[in-house]
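Shown next: data.txt, given as compact mmCIF, N, CA and C atoms.
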# COMPACT_ATOMS: atom_id res chain seq x y z
N MET U 106 95.55 147.67 87.39
CA MET U 106 95.97 146.34 87.80
C MET U 106 94.83 145.36 87.56
N THR U 107 95.14 144.24 86.94
CA THR U 107 94.16 143.18 86.72
C THR U 107 94.81 141.84 86.97
N SER U 108 94.00 140.83 87.06
CA SER U 108 94.47 139.46 87.20
C SER U 108 94.02 138.66 85.99
N ARG U 109 94.60 137.51 85.80
CA ARG U 109 94.21 136.59 84.75
C ARG U 109 93.83 135.26 85.38
N PHE U 110 92.81 134.62 84.80
CA PHE U 110 92.44 133.26 85.19
C PHE U 110 93.44 132.34 84.51
N THR U 111 94.31 131.71 85.27
CA THR U 111 95.40 130.93 84.68
C THR U 111 95.27 129.44 84.88
N GLU U 112 94.67 128.99 85.98
CA GLU U 112 94.48 127.56 86.16
C GLU U 112 93.32 127.29 87.09
N LEU U 113 92.75 126.11 86.94
CA LEU U 113 91.71 125.63 87.82
C LEU U 113 92.30 124.45 88.57
N ALA U 114 92.34 124.54 89.89
CA ALA U 114 92.91 123.48 90.71
C ALA U 114 91.81 122.49 91.10
N VAL U 115 92.14 121.20 91.01
CA VAL U 115 91.22 120.14 91.35
C VAL U 115 91.88 119.26 92.40
N ASP U 116 91.31 119.22 93.60
CA ASP U 116 91.81 118.31 94.64
C ASP U 116 91.43 116.89 94.26
N CYS U 117 92.34 115.95 94.50
CA CYS U 117 92.07 114.57 94.13
C CYS U 117 93.01 113.62 94.88
N HIS U 118 92.71 112.34 94.81
CA HIS U 118 93.57 111.31 95.41
C HIS U 118 94.74 110.95 94.51
N ASP U 119 94.48 110.85 93.21
CA ASP U 119 95.48 110.35 92.27
C ASP U 119 95.64 111.33 91.10
N PRO U 120 96.51 112.34 91.25
CA PRO U 120 96.67 113.34 90.20
C PRO U 120 97.06 112.77 88.84
N GLU U 121 97.92 111.78 88.81
CA GLU U 121 98.35 111.20 87.52
C GLU U 121 97.17 110.57 86.78
N ARG U 122 96.38 109.80 87.49
CA ARG U 122 95.24 109.11 86.89
C ARG U 122 94.18 110.10 86.41
N LEU U 123 93.87 111.08 87.25
CA LEU U 123 92.85 112.04 86.87
C LEU U 123 93.33 112.96 85.74
N ALA U 124 94.59 113.33 85.77
CA ALA U 124 95.15 114.14 84.68
C ALA U 124 95.11 113.36 83.36
N ALA U 125 95.43 112.08 83.40
CA ALA U 125 95.39 111.26 82.18
C ALA U 125 93.97 111.20 81.63
N PHE U 126 92.99 111.04 82.51
CA PHE U 126 91.58 111.02 82.09
C PHE U 126 91.22 112.32 81.39
N TRP U 127 91.52 113.46 82.02
CA TRP U 127 91.14 114.75 81.46
C TRP U 127 91.94 115.08 80.20
N CYS U 128 93.16 114.58 80.09
CA CYS U 128 93.92 114.74 78.83
C CYS U 128 93.18 114.06 77.69
N GLU U 129 92.65 112.88 77.94
CA GLU U 129 91.88 112.16 76.93
C GLU U 129 90.58 112.89 76.59
N VAL U 130 89.90 113.40 77.61
CA VAL U 130 88.64 114.11 77.39
C VAL U 130 88.85 115.35 76.54
N LEU U 131 89.86 116.15 76.90
CA LEU U 131 90.03 117.48 76.31
C LEU U 131 91.08 117.58 75.21
N GLY U 132 91.85 116.50 75.00
CA GLY U 132 92.93 116.58 74.04
C GLY U 132 94.08 117.43 74.55
N PHE U 133 94.24 117.52 75.86
CA PHE U 133 95.31 118.28 76.49
C PHE U 133 96.54 117.39 76.63
N LYS U 134 97.64 117.99 77.06
CA LYS U 134 98.85 117.24 77.38
C LYS U 134 99.36 117.70 78.74
N VAL U 135 100.17 116.85 79.35
CA VAL U 135 100.79 117.23 80.62
C VAL U 135 101.83 118.29 80.31
N ILE U 136 101.75 119.41 81.03
CA ILE U 136 102.72 120.48 80.81
C ILE U 136 103.64 120.69 82.00
N ASP U 137 103.29 120.10 83.15
CA ASP U 137 104.17 120.20 84.32
C ASP U 137 103.73 119.16 85.34
N ARG U 138 104.70 118.65 86.06
CA ARG U 138 104.38 117.73 87.15
C ARG U 138 105.45 117.85 88.21
N SER U 139 105.03 117.69 89.44
CA SER U 139 105.92 117.63 90.58
C SER U 139 105.25 116.71 91.60
N GLU U 140 105.88 116.51 92.71
CA GLU U 140 105.33 115.56 93.68
C GLU U 140 103.92 115.96 94.10
N GLY U 141 102.96 115.08 93.83
CA GLY U 141 101.58 115.32 94.22
C GLY U 141 100.82 116.30 93.35
N LYS U 142 101.38 116.72 92.21
CA LYS U 142 100.72 117.69 91.34
C LYS U 142 100.97 117.35 89.88
N VAL U 143 99.94 117.52 89.06
CA VAL U 143 100.07 117.38 87.61
C VAL U 143 99.26 118.50 86.98
N GLU U 144 99.89 119.24 86.08
CA GLU U 144 99.20 120.31 85.36
C GLU U 144 99.06 119.93 83.90
N ILE U 145 97.86 120.13 83.36
CA ILE U 145 97.60 119.82 81.96
C ILE U 145 97.04 121.06 81.25
N GLY U 146 97.24 121.10 79.94
CA GLY U 146 96.69 122.21 79.19
C GLY U 146 96.84 122.02 77.70
N SER U 147 96.32 122.99 76.97
CA SER U 147 96.41 122.95 75.51
C SER U 147 97.59 123.75 75.01
N TRP U 148 98.34 124.37 75.91
CA TRP U 148 99.49 125.20 75.56
C TRP U 148 100.40 125.28 76.78
N VAL U 149 101.63 125.66 76.57
CA VAL U 149 102.57 125.85 77.68
C VAL U 149 102.60 127.34 78.00
N PRO U 150 102.04 127.72 79.16
CA PRO U 150 101.94 129.14 79.47
C PRO U 150 103.30 129.79 79.73
N THR U 151 103.43 131.02 79.25
CA THR U 151 104.59 131.83 79.59
C THR U 151 104.07 133.12 80.21
N VAL U 152 104.85 133.72 81.06
CA VAL U 152 104.46 134.97 81.71
C VAL U 152 104.11 136.03 80.66
N GLU U 153 104.90 136.10 79.61
CA GLU U 153 104.68 137.11 78.57
C GLU U 153 103.33 136.91 77.88
N ASP U 154 103.01 135.67 77.52
CA ASP U 154 101.72 135.39 76.86
C ASP U 154 100.55 135.74 77.77
N VAL U 155 100.64 135.36 79.04
CA VAL U 155 99.55 135.60 79.97
C VAL U 155 99.37 137.10 80.19
N ARG U 156 100.46 137.83 80.33
CA ARG U 156 100.35 139.28 80.51
C ARG U 156 99.77 139.96 79.28
N ALA U 157 100.09 139.45 78.10
CA ALA U 157 99.66 140.08 76.85
C ALA U 157 98.17 139.92 76.58
N ARG U 158 97.59 138.78 76.98
CA ARG U 158 96.18 138.54 76.68
C ARG U 158 95.65 137.40 77.54
N GLN U 159 94.34 137.30 77.57
CA GLN U 159 93.70 136.21 78.31
C GLN U 159 93.93 134.92 77.54
N MET U 160 94.50 133.94 78.17
CA MET U 160 94.83 132.68 77.52
C MET U 160 93.98 131.55 78.14
N PRO U 161 93.83 130.43 77.45
CA PRO U 161 93.08 129.31 78.03
C PRO U 161 93.71 128.86 79.34
N ALA U 162 92.87 128.63 80.32
CA ALA U 162 93.35 128.16 81.62
C ALA U 162 93.83 126.71 81.53
N THR U 163 94.71 126.36 82.43
CA THR U 163 95.17 124.97 82.56
C THR U 163 94.41 124.33 83.72
N LEU U 164 94.49 123.01 83.81
CA LEU U 164 93.93 122.27 84.94
C LEU U 164 95.09 121.74 85.77
N LEU U 165 95.02 121.96 87.07
CA LEU U 165 96.06 121.52 87.99
C LEU U 165 95.45 120.55 88.98
N PHE U 166 95.92 119.30 88.96
CA PHE U 166 95.42 118.26 89.85
C PHE U 166 96.37 118.13 91.02
N ILE U 167 95.83 118.31 92.23
CA ILE U 167 96.64 118.35 93.45
C ILE U 167 96.18 117.22 94.37
N GLN U 168 97.14 116.43 94.82
CA GLN U 168 96.83 115.32 95.70
C GLN U 168 96.47 115.82 97.10
N VAL U 169 95.33 115.34 97.60
CA VAL U 169 94.89 115.63 98.96
C VAL U 169 94.45 114.32 99.62
N PRO U 170 94.48 114.26 100.95
CA PRO U 170 94.12 113.00 101.61
C PRO U 170 92.61 112.74 101.69
N GLU U 171 91.81 113.81 101.76
CA GLU U 171 90.37 113.61 101.95
C GLU U 171 89.68 113.35 100.62
N GLY U 172 88.54 112.69 100.69
CA GLY U 172 87.76 112.40 99.51
C GLY U 172 86.68 113.43 99.29
N LYS U 173 86.05 113.38 98.14
CA LYS U 173 84.93 114.25 97.82
C LYS U 173 83.72 113.80 98.61
N THR U 174 83.00 114.75 99.21
CA THR U 174 81.86 114.36 100.05
C THR U 174 80.53 114.93 99.60
N VAL U 175 80.52 116.03 98.86
CA VAL U 175 79.26 116.64 98.43
C VAL U 175 79.37 117.05 96.97
N LYS U 176 78.22 117.46 96.41
CA LYS U 176 78.18 117.94 95.02
C LYS U 176 79.12 119.12 94.86
N ASN U 177 79.81 119.14 93.72
CA ASN U 177 80.73 120.25 93.42
C ASN U 177 79.96 121.57 93.34
N ARG U 178 80.55 122.64 93.84
CA ARG U 178 79.98 123.98 93.68
C ARG U 178 80.50 124.61 92.40
N LEU U 179 81.56 124.07 91.85
CA LEU U 179 82.17 124.53 90.61
C LEU U 179 82.43 123.29 89.77
N HIS U 180 82.08 123.34 88.49
CA HIS U 180 82.33 122.18 87.64
C HIS U 180 82.66 122.62 86.23
N LEU U 181 83.22 121.71 85.48
CA LEU U 181 83.54 121.95 84.08
C LEU U 181 82.35 121.60 83.21
N ASP U 182 82.17 122.34 82.13
CA ASP U 182 81.23 122.00 81.06
C ASP U 182 82.08 121.74 79.82
N VAL U 183 81.77 120.69 79.10
CA VAL U 183 82.48 120.39 77.85
C VAL U 183 81.46 120.29 76.72
N SER U 184 81.90 120.65 75.53
CA SER U 184 81.06 120.57 74.34
C SER U 184 81.81 119.80 73.26
N PRO U 185 81.20 118.73 72.74
CA PRO U 185 81.86 117.98 71.66
C PRO U 185 82.05 118.89 70.45
N ILE U 186 83.16 118.70 69.75
CA ILE U 186 83.44 119.54 68.58
C ILE U 186 83.39 118.78 67.26
N ASP U 187 83.34 117.45 67.32
CA ASP U 187 83.35 116.71 66.05
C ASP U 187 82.42 115.50 66.08
N GLY U 188 81.40 115.56 66.91
CA GLY U 188 80.42 114.48 66.97
C GLY U 188 79.24 114.95 67.80
N SER U 189 78.26 114.09 67.94
CA SER U 189 77.06 114.45 68.69
C SER U 189 77.32 114.39 70.19
N THR U 190 76.42 115.00 70.94
CA THR U 190 76.50 114.92 72.40
C THR U 190 76.41 113.47 72.84
N GLU U 191 75.51 112.71 72.23
CA GLU U 191 75.34 111.30 72.59
C GLU U 191 76.61 110.50 72.31
N ASP U 192 77.27 110.77 71.17
CA ASP U 192 78.52 110.08 70.85
C ASP U 192 79.60 110.41 71.87
N GLU U 193 79.65 111.67 72.29
CA GLU U 193 80.66 112.07 73.26
C GLU U 193 80.40 111.43 74.62
N VAL U 194 79.15 111.35 75.03
CA VAL U 194 78.82 110.68 76.29
C VAL U 194 79.27 109.22 76.24
N THR U 195 79.03 108.57 75.12
CA THR U 195 79.46 107.17 74.96
C THR U 195 80.98 107.06 75.06
N ARG U 196 81.70 107.98 74.41
CA ARG U 196 83.17 107.98 74.48
C ARG U 196 83.65 108.18 75.91
N LEU U 197 83.04 109.11 76.62
CA LEU U 197 83.46 109.40 78.00
C LEU U 197 83.14 108.24 78.94
N LEU U 198 82.03 107.57 78.71
CA LEU U 198 81.73 106.36 79.49
C LEU U 198 82.83 105.32 79.28
N GLY U 199 83.32 105.19 78.05
CA GLY U 199 84.40 104.27 77.74
C GLY U 199 85.71 104.63 78.41
N LEU U 200 85.90 105.93 78.73
CA LEU U 200 87.10 106.37 79.44
C LEU U 200 86.99 106.19 80.95
N GLY U 201 85.80 105.81 81.42
CA GLY U 201 85.61 105.58 82.85
C GLY U 201 84.71 106.57 83.55
N ALA U 202 84.20 107.56 82.83
CA ALA U 202 83.24 108.49 83.42
C ALA U 202 81.92 107.75 83.67
N THR U 203 81.09 108.33 84.51
CA THR U 203 79.77 107.77 84.78
C THR U 203 78.72 108.86 84.63
N LYS U 204 77.51 108.47 84.30
CA LYS U 204 76.40 109.42 84.34
C LYS U 204 76.00 109.58 85.80
N THR U 205 75.58 110.78 86.18
CA THR U 205 75.21 111.00 87.57
C THR U 205 74.00 111.93 87.65
N ASP U 206 73.31 111.87 88.75
CA ASP U 206 72.12 112.69 88.98
C ASP U 206 72.40 113.67 90.11
N VAL U 207 72.33 114.94 89.79
CA VAL U 207 72.49 115.99 90.81
C VAL U 207 71.18 116.77 90.95
N GLY U 208 70.09 116.15 90.51
CA GLY U 208 68.78 116.78 90.58
C GLY U 208 68.44 117.58 89.35
N GLN U 209 69.11 117.31 88.24
CA GLN U 209 68.90 118.09 87.02
C GLN U 209 67.60 117.75 86.30
N GLY U 210 66.99 116.62 86.60
CA GLY U 210 65.78 116.23 85.90
C GLY U 210 66.10 115.56 84.58
N SER U 211 65.08 114.99 83.96
CA SER U 211 65.30 114.22 82.73
C SER U 211 65.02 115.01 81.46
N ASP U 212 64.52 116.23 81.59
CA ASP U 212 64.15 117.00 80.41
C ASP U 212 65.22 118.01 80.00
N ARG U 213 66.46 117.72 80.26
CA ARG U 213 67.56 118.63 79.95
C ARG U 213 68.25 118.20 78.66
N ASN U 214 68.87 119.15 77.97
CA ASN U 214 69.58 118.82 76.73
C ASN U 214 71.08 118.67 76.99
N TRP U 215 71.48 118.59 78.23
CA TRP U 215 72.86 118.29 78.59
C TRP U 215 72.87 117.05 79.47
N VAL U 216 74.06 116.46 79.63
CA VAL U 216 74.20 115.24 80.41
C VAL U 216 75.19 115.51 81.54
N VAL U 217 74.79 115.22 82.77
CA VAL U 217 75.68 115.37 83.92
C VAL U 217 76.44 114.06 84.09
N MET U 218 77.76 114.18 84.19
CA MET U 218 78.62 113.02 84.35
C MET U 218 79.56 113.25 85.51
N ALA U 219 80.30 112.22 85.89
CA ALA U 219 81.32 112.33 86.93
C ALA U 219 82.60 111.70 86.41
N ASP U 220 83.73 112.32 86.78
CA ASP U 220 85.02 111.77 86.36
C ASP U 220 85.40 110.60 87.26
N LEU U 221 86.62 110.14 87.16
CA LEU U 221 87.06 108.94 87.87
C LEU U 221 87.04 109.07 89.38
N GLU U 222 87.03 110.31 89.90
CA GLU U 222 86.98 110.53 91.36
C GLU U 222 85.66 111.14 91.80
N GLY U 223 84.66 111.13 90.92
CA GLY U 223 83.33 111.58 91.29
C GLY U 223 83.06 113.07 91.10
N ASN U 224 83.99 113.81 90.49
CA ASN U 224 83.77 115.23 90.22
C ASN U 224 82.80 115.39 89.07
N GLU U 225 81.71 116.11 89.31
CA GLU U 225 80.70 116.29 88.28
C GLU U 225 81.19 117.22 87.17
N PHE U 226 80.72 116.94 85.96
CA PHE U 226 80.92 117.82 84.82
C PHE U 226 79.75 117.60 83.88
N CYS U 227 79.51 118.56 83.00
CA CYS U 227 78.38 118.45 82.08
C CYS U 227 78.87 118.36 80.64
N VAL U 228 78.19 117.53 79.87
CA VAL U 228 78.41 117.47 78.43
C VAL U 228 77.26 118.25 77.80
N LEU U 229 77.60 119.35 77.14
CA LEU U 229 76.60 120.24 76.57
C LEU U 229 76.34 119.91 75.11
N ARG U 230 75.71 120.82 74.43
CA ARG U 230 75.36 120.64 73.01
C ARG U 230 76.64 120.50 72.18
N THR U 231 76.52 119.83 71.09
CA THR U 231 77.65 119.67 70.18
C THR U 231 77.95 120.98 69.46
N LEU U 232 79.22 121.19 69.20
CA LEU U 232 79.66 122.33 68.39
C LEU U 232 80.10 121.88 67.00
N ALA U 233 79.85 120.59 66.71
CA ALA U 233 80.21 120.04 65.39
C ALA U 233 79.34 120.69 64.32
N PRO U 234 79.91 120.93 63.13
CA PRO U 234 79.12 121.49 62.03
C PRO U 234 77.92 120.58 61.74
N GLN U 235 76.78 121.19 61.53
CA GLN U 235 75.57 120.43 61.21
C GLN U 235 75.43 120.34 59.70
N ASN U 236 75.13 119.14 59.22
CA ASN U 236 74.98 118.93 57.76
C ASN U 236 73.66 119.41 57.27
Output the file's structure in the form of structure tokens.
Amino acid sequence: MTSRFTELAVDCHDPERLAAFWCEVLGFKVIDRSEGKVEIGSWVPTVEDVRARQMPATLLFIQVPEGKTVKNRLHLDVSPIDGSTEDEVTRLLGLGATKTDVGQGSDRNWVVMADLEGNEFCVLRTLAPQN
């Protein structure tokens, strides 16, 4: 008996707004929504596919009344695939993300950012082909 990692749940105030932001960041689409919940992903999961192999997890945004109060203990890392890390940071700033300091120091090769509701995430090295 085993389990599969199928989704990462994110508590938030506005699931629609946060899901739209992350769809833009990751190139995902909304795959399910119900009252107070929006699920996004790069594929539409089926029980058969999940049982057959490990598949990419989806993100599930769930509306909660309380706000974020401390640094996340779990966060997403993203890597640009067709541009530099600096270009991706600029793009994400344009989508409404902010740079944030969680004590990482200035000598790091990644950038710590926060989404529209203050959830930290990191932009890592680019995976774009180097010329």
Just checking: using only N, CA and C atoms, which residue out of U:Leu123, U:Val115, U:Leu165, U:Ala233 ends up closest to Gly188 (chain U)?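 Looking at the shortest contact to Gly188 (chain U), the residue is U:Ala233.
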DSSP strand (DSSP E) selection over region 116-222 of chain U, as a ChimeraX atom specification: /U:116-117,134-139,142-146,163-168,181-183,203-204,216-219
Show me, as a ChimeraX atom specification, the residues that have an atom within 12 Å of Cys128 (chain U) when counting only C-alpha atoms, minus same-chain residues fewer than 3 positions from it. /U:120-125,131-136,143-147,163-166,197,200
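Those residues of chain U that DSSP, working from the backbone, places in alpha helix (DSSP H) are U:Pro120, U:Glu121, U:Arg122, U:Leu123, U:Ala124, U:Ala125, U:Phe126, U:Trp127, U:Cys128, U:Glu129, U:Val130, U:Leu131, U:Val152, U:Glu153, U:Asp154, U:Val155, U:Arg156, U:Ala157, U:Thr190, U:Glu191, U:Asp192, U:Glu193, U:Val194, U:Thr195, U:Arg196, U:Leu197, U:Leu198, U:Gly199.
Using only C-alpha atoms, the shortest contact distance between Arg156 (chain U) and any of U:Asp119, U:Val175, U:Gly199, U:Thr107 is found at U:Thr107.
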Grab the CA of Gly201 (chain U) to CA of Asn224 (chain U) distance for me, in Å with one decimal place.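 Here the two named atoms are 12.3 Å from each other.
Between atom N of Ala157 (chain U) and atom N of Ala114 (chain U) the interatomic distance comes to 20.5 Å.
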Skip Thr203 (chain U) itself and residues of its chain fewer than 4 positions away, then list as an MDAnalysis selection string all residues within 6.5 Å of it, counting only N, CA and C atoms. chainID U and resid 197:198 217:221
